[in-house]
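So this block is work.cif, mmCIF, C-alpha atoms:
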data_model
loop_
_atom_site.label_atom_id
_atom_site.label_comp_id
_atom_site.auth_asym_id
_atom_site.auth_seq_id
_atom_site.Cartn_x
_atom_site.Cartn_y
_atom_site.Cartn_z
CA MET J 1339 4.24 -12.14 -8.42
CA ALA J 1340 1.48 -12.95 -5.97
CA GLU J 1341 -1.24 -14.39 -8.16
CA SER J 1342 -2.49 -16.69 -5.40
CA HIS J 1343 -3.46 -13.66 -3.26
CA PRO J 1344 -5.47 -11.34 -5.55
CA PHE J 1345 -7.59 -10.03 -2.69
CA GLY J 1346 -4.47 -8.90 -0.85
CA TRP J 1347 -3.31 -6.90 -3.85
CA LEU J 1348 -6.78 -5.44 -4.37
CA LEU J 1349 -6.87 -4.32 -0.76
CA ALA J 1350 -3.37 -2.84 -1.02
CA LEU J 1351 -4.30 -0.90 -4.16
CA ALA J 1352 -7.57 0.27 -2.59
CA LEU J 1353 -5.58 1.65 0.38
CA LEU J 1354 -2.89 3.13 -1.85
CA LEU J 1355 -5.33 5.18 -3.93
CA PRO J 1356 -6.58 7.57 -1.17
CA VAL J 1357 -2.99 8.01 0.02
CA ALA J 1358 -1.92 8.93 -3.52
CA MET J 1359 -4.85 11.36 -3.81
CA LEU J 1360 -3.95 12.99 -0.49
CA LEU J 1361 -0.33 13.42 -1.56
CA SER J 1362 -1.44 14.84 -4.91
CA LEU J 1363 -3.63 17.38 -3.12
CA SER J 1364 -0.62 18.36 -1.00
CA TYR J 1365 1.78 18.68 -3.92
CA GLY J 1366 2.11 21.82 -6.02
CA ARG J 1367 3.79 25.18 -6.36
CA PHE J 1368 2.15 26.12 -3.09
CA PRO J 1369 2.91 23.00 -1.02
CA LEU J 1370 0.65 21.91 1.80
CA THR J 1371 1.09 19.27 4.45
CA PRO J 1372 -1.15 16.17 4.26
CA GLY J 1373 -2.51 17.17 7.64
CA GLU J 1374 -3.61 20.57 6.35
CA VAL J 1375 -5.29 18.95 3.35
CA ALA J 1376 -7.07 16.36 5.50
CA ALA J 1377 -8.26 19.01 7.95
CA THR J 1378 -9.56 21.18 5.11
CA LEU J 1379 -11.43 18.28 3.53
CA MET J 1380 -13.04 17.42 6.87
CA GLY J 1381 -13.89 21.05 7.60
CA LEU J 1382 -11.62 21.23 10.64
CA ALA J 1383 -9.96 24.63 10.49
CA ASP J 1384 -6.69 25.16 12.33
CA PRO J 1385 -7.48 27.45 15.30
CA ASP J 1386 -4.00 29.01 15.03
CA ALA J 1387 -4.52 29.96 11.37
CA GLY J 1388 -6.20 33.21 10.50
CA PRO J 1389 -9.27 33.57 8.28
CA ALA J 1390 -7.08 34.50 5.31
CA ARG J 1391 -5.14 31.25 5.58
CA ALA J 1392 -8.35 29.24 5.98
CA GLY J 1393 -9.85 30.87 2.90
CA LEU J 1394 -6.69 30.19 0.91
CA LEU J 1395 -6.76 26.52 1.89
CA GLN J 1396 -10.43 26.19 0.96
CA SER J 1397 -9.86 27.77 -2.44
CA LEU J 1398 -6.67 25.85 -3.17
CA VAL J 1399 -7.94 22.43 -2.14
CA TYR J 1400 -11.60 22.51 -3.21
CA GLU J 1401 -11.60 24.76 -6.27
CA ILE J 1402 -8.20 24.13 -7.85
CA ARG J 1403 -6.67 20.84 -6.82
CA LEU J 1404 -9.57 18.56 -5.92
CA PRO J 1405 -11.25 18.58 -9.39
CA ARG J 1406 -7.89 17.91 -11.00
CA VAL J 1407 -6.99 15.05 -8.65
CA LEU J 1408 -10.41 13.43 -8.98
CA ALA J 1409 -10.22 13.76 -12.76
CA ALA J 1410 -6.76 12.17 -12.87
CA ALA J 1411 -7.91 9.22 -10.75
CA LEU J 1412 -11.11 8.78 -12.76
CA ILE J 1413 -9.40 9.02 -16.16
CA GLY J 1414 -6.64 6.62 -15.15
CA ALA J 1415 -9.19 4.11 -13.86
CA ALA J 1416 -11.36 4.42 -16.99
CA LEU J 1417 -8.48 3.97 -19.45
CA ALA J 1418 -6.95 1.05 -17.55
CA ALA J 1419 -10.27 -0.77 -17.06
CA SER J 1420 -11.19 -0.21 -20.72
CA GLY J 1421 -7.81 -1.50 -21.88
CA THR J 1422 -8.20 -4.61 -19.74
CA ALA J 1423 -11.68 -5.26 -21.09
CA TYR J 1424 -10.61 -4.82 -24.71
CA GLN J 1425 -7.63 -7.15 -24.20
CA ALA J 1426 -10.00 -9.78 -22.82
CA VAL J 1427 -12.63 -9.37 -25.56
CA PHE J 1428 -10.09 -9.54 -28.39
CA VAL J 1429 -7.89 -12.11 -26.59
CA ASN J 1430 -4.86 -9.98 -27.41
CA PRO J 1431 -2.45 -8.47 -24.84
CA LEU J 1432 -1.43 -5.67 -27.23
CA VAL J 1433 -4.90 -4.17 -27.53
CA SER J 1434 -5.59 -0.71 -26.09
CA PRO J 1435 -8.72 1.49 -25.78
CA GLY J 1436 -8.05 2.83 -29.27
CA ILE J 1437 -8.61 -0.57 -30.92
CA LEU J 1438 -12.01 0.39 -32.39
CA GLY J 1439 -10.92 3.92 -33.28
CA VAL J 1440 -12.70 5.35 -30.22
CA LEU J 1441 -9.87 7.67 -29.15
CA ALA J 1442 -9.32 8.86 -32.73
CA GLY J 1443 -13.02 9.58 -33.11
CA ALA J 1444 -13.20 11.40 -29.77
CA SER J 1445 -10.12 13.44 -30.66
CA CYS J 1446 -11.61 14.35 -34.02
CA GLY J 1447 -14.85 15.43 -32.37
CA ALA J 1448 -13.01 17.55 -29.80
CA ALA J 1449 -10.94 19.21 -32.52
CA LEU J 1450 -14.12 19.96 -34.48
CA GLY J 1451 -15.60 21.56 -31.36
CA LEU J 1452 -12.51 23.71 -30.92
CA LEU J 1453 -12.73 24.70 -34.57
CA ALA J 1454 -16.37 25.76 -34.10
CA GLY J 1455 -15.38 27.87 -31.09
CA GLN J 1456 -18.72 27.71 -29.29
CA GLY J 1457 -17.41 26.80 -25.85
CA TRP J 1458 -16.16 23.77 -23.92
CA TRP J 1459 -19.60 22.21 -23.75
CA LEU J 1460 -19.54 21.71 -27.53
CA VAL J 1461 -16.00 20.31 -27.40
CA GLN J 1462 -17.07 17.74 -24.84
CA LEU J 1463 -20.31 16.88 -26.62
CA LEU J 1464 -18.62 16.38 -30.00
CA SER J 1465 -15.82 14.41 -28.34
CA ILE J 1466 -18.32 11.92 -26.91
CA GLY J 1467 -20.21 11.79 -30.20
CA GLY J 1468 -17.02 11.23 -32.17
CA GLY J 1469 -15.99 8.31 -29.96
CA LEU J 1470 -19.38 6.64 -30.28
CA ALA J 1471 -19.43 7.23 -34.04
CA ALA J 1472 -15.98 5.65 -34.41
CA MET J 1473 -17.11 2.59 -32.44
CA LEU J 1474 -20.19 2.18 -34.63
CA VAL J 1475 -18.11 2.50 -37.80
CA GLY J 1476 -15.62 -0.10 -36.56
CA ILE J 1477 -18.33 -2.57 -35.54
CA GLY J 1478 -20.25 -1.91 -38.76
CA ILE J 1479 -17.21 -2.67 -40.93
CA GLY J 1480 -16.54 -5.82 -38.89
CA ARG J 1481 -20.10 -7.08 -39.27
CA LEU J 1482 -20.17 -6.19 -42.96
CA PHE J 1483 -17.43 -8.72 -43.72
CA GLY J 1484 -17.80 -11.25 -40.89
CA VAL J 1485 -20.32 -11.10 -38.08
CA GLN J 1486 -18.61 -13.64 -35.83
CA SER J 1487 -14.99 -12.77 -36.67
CA LEU J 1488 -12.89 -10.93 -34.08
CA VAL J 1489 -10.23 -10.44 -36.75
CA MET J 1490 -12.68 -8.55 -38.93
CA LEU J 1491 -13.77 -6.52 -35.91
CA VAL J 1492 -10.14 -5.53 -35.33
CA LEU J 1493 -9.76 -4.64 -39.00
CA GLY J 1494 -12.94 -2.59 -38.75
CA GLY J 1495 -11.40 -0.75 -35.81
CA ILE J 1496 -8.23 -0.09 -37.81
CA PHE J 1497 -10.35 1.30 -40.64
CA SER J 1498 -12.32 3.48 -38.23
CA GLY J 1499 -9.16 4.77 -36.55
CA ALA J 1500 -7.59 5.61 -39.91
CA LEU J 1501 -10.76 7.35 -41.10
CA PHE J 1502 -11.10 9.58 -38.05
CA SER J 1503 -7.35 10.27 -37.96
CA ALA J 1504 -7.64 11.54 -41.55
CA LEU J 1505 -10.65 13.66 -40.59
CA LEU J 1506 -8.66 15.02 -37.63
CA SER J 1507 -5.87 16.02 -39.99
CA LEU J 1508 -8.44 17.76 -42.19
CA VAL J 1509 -9.78 19.69 -39.20
CA LYS J 1510 -6.26 20.80 -38.26
CA TYR J 1511 -5.63 21.87 -41.86
CA LEU J 1512 -8.76 24.02 -41.83
CA ALA J 1513 -8.01 25.55 -38.41
CA ASP J 1514 -6.63 29.04 -38.01
CA PRO J 1515 -2.84 28.54 -37.65
CA TYR J 1516 -2.46 31.30 -35.06
CA GLU J 1517 -5.36 30.69 -32.68
CA GLN J 1518 -7.29 27.48 -33.31
CA LEU J 1519 -4.49 25.14 -34.38
CA PRO J 1520 -2.33 25.63 -31.24
CA ALA J 1521 -5.40 24.99 -29.06
CA ILE J 1522 -6.18 21.78 -30.95
CA VAL J 1523 -2.59 20.53 -30.79
CA TYR J 1524 -2.33 21.27 -27.06
CA TRP J 1525 -5.65 19.56 -26.39
CA LEU J 1526 -4.52 16.44 -28.25
CA MET J 1527 -1.40 16.25 -26.07
CA GLY J 1528 -3.61 15.74 -23.02
CA SER J 1529 -3.86 18.12 -20.10
CA LEU J 1530 -5.61 18.25 -16.73
CA GLY J 1531 -4.98 21.97 -16.32
CA GLN J 1532 -8.42 23.01 -17.57
CA VAL J 1533 -10.51 20.53 -15.57
CA ASP J 1534 -13.30 22.23 -13.65
CA GLY J 1535 -15.75 20.93 -11.11
CA ALA J 1536 -18.84 21.41 -13.28
CA THR J 1537 -17.43 19.31 -16.12
CA LEU J 1538 -16.25 16.63 -13.73
CA TRP J 1539 -19.57 16.28 -11.91
CA ARG J 1540 -21.38 16.11 -15.25
CA LEU J 1541 -19.19 13.44 -16.86
CA ALA J 1542 -18.10 11.43 -13.82
CA PRO J 1543 -21.37 9.43 -13.36
CA PRO J 1544 -21.34 7.80 -16.84
CA MET J 1545 -17.60 7.12 -16.52
CA LEU J 1546 -18.09 5.46 -13.15
CA ALA J 1547 -21.02 3.49 -14.57
CA GLY J 1548 -18.81 2.25 -17.41
CA ILE J 1549 -16.02 1.21 -15.02
CA LEU J 1550 -18.43 -0.55 -12.66
CA GLY J 1551 -20.10 -2.25 -15.60
CA LEU J 1552 -16.77 -3.66 -16.75
CA ALA J 1553 -16.01 -4.87 -13.23
CA VAL J 1554 -19.38 -6.61 -12.98
CA LEU J 1555 -18.78 -8.31 -16.35
CA GLY J 1556 -15.42 -9.70 -15.19
CA ARG J 1557 -16.71 -13.26 -14.68
CA ALA J 1558 -18.35 -13.23 -18.11
CA LEU J 1559 -15.04 -12.08 -19.62
CA ASP J 1560 -13.33 -15.05 -17.95
CA ALA J 1561 -15.83 -17.32 -19.68
CA LEU J 1562 -15.19 -15.61 -23.04
CA ALA J 1563 -11.47 -16.26 -22.60
CA MET J 1564 -12.19 -19.99 -22.92
CA GLY J 1565 -13.71 -19.48 -26.36
CA ASP J 1566 -17.17 -18.64 -27.64
CA ASP J 1567 -18.40 -22.24 -27.72
CA ALA J 1568 -17.25 -22.95 -24.18
CA ALA J 1569 -18.81 -19.71 -22.95
CA ARG J 1570 -22.13 -20.58 -24.59
CA SER J 1571 -22.06 -24.02 -22.96
CA LEU J 1572 -21.81 -22.22 -19.60
CA GLY J 1573 -24.90 -20.18 -20.42
CA VAL J 1574 -23.07 -16.94 -21.27
CA PRO J 1575 -24.76 -14.86 -24.02
CA VAL J 1576 -21.56 -14.22 -25.95
CA ARG J 1577 -22.72 -11.53 -28.36
CA ALA J 1578 -24.65 -9.65 -25.68
CA VAL J 1579 -21.72 -9.72 -23.24
CA ARG J 1580 -19.28 -8.64 -25.93
CA GLY J 1581 -21.57 -5.78 -26.93
CA MET J 1582 -22.02 -4.62 -23.32
CA VAL J 1583 -18.27 -4.73 -22.69
CA ILE J 1584 -17.51 -2.76 -25.84
CA GLY J 1585 -20.24 -0.25 -24.97
CA CYS J 1586 -19.03 0.31 -21.40
CA ALA J 1587 -15.39 0.57 -22.49
CA THR J 1588 -16.26 2.96 -25.31
CA VAL J 1589 -18.24 5.31 -23.06
CA ALA J 1590 -15.55 5.32 -20.36
CA SER J 1591 -12.62 5.90 -22.74
CA ALA J 1592 -14.39 8.48 -24.94
CA LEU J 1593 -15.28 10.56 -21.89
CA THR J 1594 -11.61 10.73 -20.88
CA VAL J 1595 -10.90 12.61 -24.11
CA ALA J 1596 -13.82 14.92 -23.42
CA ILE J 1597 -12.31 15.84 -20.05
CA ALA J 1598 -8.57 15.98 -20.69
CA GLY J 1599 -7.70 15.23 -24.30
CA THR J 1600 -5.73 12.23 -25.54
CA ILE J 1601 -3.71 10.37 -22.89
CA GLY J 1602 -1.88 7.35 -24.23
CA TRP J 1603 -0.24 4.20 -22.85
CA VAL J 1604 -2.37 3.93 -19.71
CA GLY J 1605 -4.83 1.51 -21.29
CA LEU J 1606 -2.02 -0.66 -22.71
CA LEU J 1607 0.56 -0.60 -19.93
CA VAL J 1608 -1.43 -0.68 -16.69
CA PRO J 1609 -3.36 -3.92 -17.45
CA HIS J 1610 -0.03 -5.74 -17.86
CA MET J 1611 1.23 -4.36 -14.56
CA ALA J 1612 -1.98 -5.40 -12.81
CA ARG J 1613 -1.89 -8.83 -14.44
CA LEU J 1614 1.51 -9.48 -12.90
CA LEU J 1615 0.01 -8.71 -9.48
CA VAL J 1616 -3.37 -10.46 -9.46
CA GLY J 1617 -3.13 -12.89 -12.37
CA PRO J 1618 -5.20 -13.21 -15.56
CA LEU J 1619 -8.71 -13.66 -14.08
CA ASN J 1620 -10.73 -10.64 -15.18
CA ARG J 1621 -12.96 -10.73 -12.09
CA TYR J 1622 -9.87 -9.49 -10.20
CA LEU J 1623 -7.95 -7.92 -13.06
CA VAL J 1624 -10.51 -5.28 -14.06
CA PRO J 1625 -10.84 -3.68 -10.58
CA ALA J 1626 -7.09 -4.02 -9.97
CA SER J 1627 -6.36 -2.28 -13.28
CA ALA J 1628 -8.80 0.51 -12.45
CA LEU J 1629 -7.17 1.15 -9.06
CA LEU J 1630 -3.63 0.91 -10.42
CA GLY J 1631 -4.51 3.13 -13.39
CA ALA J 1632 -5.81 5.81 -11.04
CA VAL J 1633 -2.59 5.72 -8.99
CA PHE J 1634 -0.46 5.70 -12.15
CA LEU J 1635 -2.11 8.79 -13.61
CA LEU J 1636 -1.93 10.64 -10.29
CA ALA J 1637 1.83 10.02 -10.28
CA ALA J 1638 2.09 11.11 -13.93
CA ASP J 1639 0.18 14.30 -13.15
CA ALA J 1640 2.57 15.07 -10.30
CA LEU J 1641 5.48 14.67 -12.72
CA ALA J 1642 3.75 16.86 -15.30
CA ARG J 1643 3.41 19.63 -12.71
CA GLY J 1644 6.90 19.31 -11.27
CA LEU J 1645 9.34 18.43 -14.04
CA GLY J 1646 9.77 21.96 -15.35
CA ASP J 1647 8.98 25.61 -14.76
CA THR J 1648 5.82 25.21 -16.84
CA GLU J 1649 3.38 22.34 -16.72
CA LEU J 1650 3.95 19.60 -19.27
CA PRO J 1651 1.03 17.99 -21.10
CA ILE J 1652 0.25 14.79 -19.22
CA GLY J 1653 0.00 12.80 -22.45
CA ILE J 1654 3.70 13.43 -23.05
CA VAL J 1655 4.56 12.33 -19.52
CA THR J 1656 2.59 9.07 -19.76
CA GLU J 1657 4.38 8.19 -22.99
CA LEU J 1658 7.86 9.05 -21.70
CA VAL J 1659 7.27 7.19 -18.43
CA GLY J 1660 5.28 4.35 -19.97
CA LEU J 1661 7.89 3.31 -22.52
CA PRO J 1662 10.65 2.30 -20.06
CA ILE J 1663 8.14 0.72 -17.67
CA PHE J 1664 6.70 -1.31 -20.54
CA LEU J 1665 10.18 -2.54 -21.42
CA LEU J 1666 10.68 -3.62 -17.80
CA VAL J 1667 7.48 -5.69 -17.72
CA LEU J 1668 7.70 -6.88 -21.33
CA ARG J 1669 9.58 -10.10 -20.52
CA ASN J 1670 6.86 -11.02 -18.03
CA VAL J 1671 3.92 -10.09 -20.23
CA ARG J 1672 3.75 -13.40 -22.06
CA ARG J 1673 3.97 -15.39 -18.84
CA GLY J 1674 1.40 -13.15 -17.13
CA TRP J 1675 -1.04 -13.45 -20.06
CA GLY J 1676 -0.81 -17.16 -20.41
CA SER J 1677 -0.68 -18.14 -16.74
#

Encoding of this model in structure tokens:
Amino acid sequence: MAESHPFGWLLALALLLPVAMLLSLSYGRFPLTPGEVAATLMGLADPDAGPARAGLLQSLVYEIRLPRVLAAALIGAALAASGTAYQAVFVNPLVSPGILGVLAGASCGAALGLLAGQGWWLVQLLSIGGGLAAMLVGIGIGRLFGVQSLVMLVLGGIFSGALFSALLSLVKYLADPYEQLPAIVYWLMGSLGQVDGATLWRLAPPMLAGILGLAVLGRALDALAMGDDAARSLGVPVRAVRGMVIGCATVASALTVAIAGTIGWVGLLVPHMARLLVGPLNRYLVPASALLGAVFLLAADALARGLGDTELPIGIVTELVGLPIFLLVLRNVRRGWGS
């Protein structure tokens, strides 16, 4: 669309994100004006409003909506950046963050934490551990049958995903059908309704580090796209770069499950949308995907809160919205990938 002006699109997306966050903070069952939200965030109380109104605004914006909005933006950015990085590493436009079984492993770990019933800290810890374990299994299987083969790495990821999906089914079978099983099923649908500030502040730094790491590795990913031999001739340590990319993407995507459960389609769809805007160069594509993914998930969260009388799981919304959008961009995907 405008591949010759990637900086313009990056700037537009960077300006769009705070606007989308402000609108998300304003939207809800108790609507606020953007001016009220901005004044509350800056600590400028309306002199005409009473102390009760000021206290309500503080509680509504800071304690309820702000953690949710920040989590939606962070999760969308992490999934989209991870999807972009995986597509570049595996040179395949149909790859998503679940390629190495990371999301299946994180989901299995979260379900095991819910089954143990020791609190959300254990759910989050086991979710992260499950994602990392799935990555190690996928890479181990790939190296067992072919160290340098991306195909075997993909097959290792398929094996890992199938293994942890089977373990997840076992956990659901063992769960109490009246209390534990509904909680596990709802968690796996994805939801931002239980995000709290403490969890967000604890998990946000490693997620941001993973996203920034992928952005910094964008030029190295462009070299990898030319082939391993060409990248080596340019002085790029192929195996080290590939390992760092997989590590950053794994951490970022596994932590999304720890915060909000399984949210699909963002890591597959958003990179294609961003590629049509800024072109195939990963030095621009990774940050553009992160910004666009944040905006996309903020919009999906608004739909999840407003489509019905009760809040819908955001994972359902991303799938229902993502399918028709993917069909719209599908005819341009091949051109955008190969341009």

Step by step, work through what the PyMOL selection byres ((chain J and resi 1577-1587) around 8) selects in the shown file, and finish by giving those residues as number ranges by chain.
J: 1416, 1419-1421, 1423-1424, 1427, 1435, 1547-1549, 1551-1552, 1555, 1558-1559, 1574-1576, 1588-1591

Which residues match the PyMOL selection byres ((chain J and resi 1497-1513) around 6) in the file above, as a ChimeraX atom specification?
/J:1439,1442-1443,1446,1472,1475-1476,1494-1496,1514,1518-1519

Determine, counting all atoms listed in the file, which protein, DNA and RNA residues have an atom within 12 Å of an atom of Ala1542 of chain J; residues of the same chain fewer than 2 positions away are not included. Present the result as a PDB file with C-alpha atoms, keeping the file's coordinate frame.
ATOM      1  CA  PRO J1405     -11.250  18.580  -9.390  1.00  0.00           C
ATOM      2  CA  LEU J1408     -10.410  13.430  -8.980  1.00  0.00           C
ATOM      3  CA  ALA J1409     -10.220  13.760 -12.760  1.00  0.00           C
ATOM      4  CA  ALA J1410      -6.760  12.170 -12.870  1.00  0.00           C
ATOM      5  CA  ALA J1411      -7.910   9.220 -10.750  1.00  0.00           C
ATOM      6  CA  LEU J1412     -11.110   8.780 -12.760  1.00  0.00           C
ATOM      7  CA  ILE J1413      -9.400   9.020 -16.160  1.00  0.00           C
ATOM      8  CA  ALA J1415      -9.190   4.110 -13.860  1.00  0.00           C
ATOM      9  CA  ALA J1416     -11.360   4.420 -16.990  1.00  0.00           C
ATOM     10  CA  VAL J1533     -10.510  20.530 -15.570  1.00  0.00           C
ATOM     11  CA  ASP J1534     -13.300  22.230 -13.650  1.00  0.00           C
ATOM     12  CA  GLY J1535     -15.750  20.930 -11.110  1.00  0.00           C
ATOM     13  CA  ALA J1536     -18.840  21.410 -13.280  1.00  0.00           C
ATOM     14  CA  THR J1537     -17.430  19.310 -16.120  1.00  0.00           C
ATOM     15  CA  LEU J1538     -16.250  16.630 -13.730  1.00  0.00           C
ATOM     16  CA  TRP J1539     -19.570  16.280 -11.910  1.00  0.00           C
ATOM     17  CA  ARG J1540     -21.380  16.110 -15.250  1.00  0.00           C
ATOM     18  CA  PRO J1544     -21.340   7.800 -16.840  1.00  0.00           C
ATOM     19  CA  MET J1545     -17.600   7.120 -16.520  1.00  0.00           C
ATOM     20  CA  LEU J1546     -18.090   5.460 -13.150  1.00  0.00           C
ATOM     21  CA  ALA J1547     -21.020   3.490 -14.570  1.00  0.00           C
ATOM     22  CA  GLY J1548     -18.810   2.250 -17.410  1.00  0.00           C
ATOM     23  CA  ILE J1549     -16.020   1.210 -15.020  1.00  0.00           C
ATOM     24  CA  VAL J1589     -18.240   5.310 -23.060  1.00  0.00           C
ATOM     25  CA  ALA J1590     -15.550   5.320 -20.360  1.00  0.00           C
ATOM     26  CA  SER J1591     -12.620   5.900 -22.740  1.00  0.00           C
ATOM     27  CA  LEU J1593     -15.280  10.560 -21.890  1.00  0.00           C
ATOM     28  CA  THR J1594     -11.610  10.730 -20.880  1.00  0.00           C
ATOM     29  CA  ALA J1596     -13.820  14.920 -23.420  1.00  0.00           C
ATOM     30  CA  ILE J1597     -12.310  15.840 -20.050  1.00  0.00           C
TER      31      ILE J1597
END

For the provided coordinates, the residues matched by the PyMOL selection byres ((chain J and resi 1619-1636) around 8) should be stated as a PyMOL selection string.
chain J and resi 1344-1345+1347-1348+1351-1352+1354-1355+1358-1359+1362+1407+1410-1419+1422-1423+1426+1549+1552-1557+1559-1560+1604+1608-1609+1611-1613+1616-1618+1637-1640+1656

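The closest residue to Val1433 of chain J, picked from J:Ile1466, J:Ala1569, J:Val1492, J:Ala1598 and counting all atoms listed in the file, is J:Val1492.
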
Here atom CA of Gly1381 of chain J and atom CA of Pro1356 of chain J stand apart by 17.7 Å

One decimal, Å: what's the distance from atom CA of Trp1525 of chain J over to atom CA of Arg1367 of chain J, could you say?
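It comes out at 22.8 Å.
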
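The gap separating atom CA of Leu1614 of chain J from atom CA of Leu1493 of chain J is 28.8 Å, in Å to one decimal.
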
Which polymer residues have any atom within 7 Å of an atom of Ala1444 of chain J, counting only C-alpha atoms, with same-chain residues fewer than 2 positions away left out, as a count of residues only?
12

Compare J:Val1399, J:Gly1393, J:Leu1668, J:Ser1529 by their minimum atom-to-atom distance to Leu1361 of chain J, counting all atoms listed in the file, and give me the closest one.
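Smallest distance to Leu1361 of chain J is found for J:Val1399.
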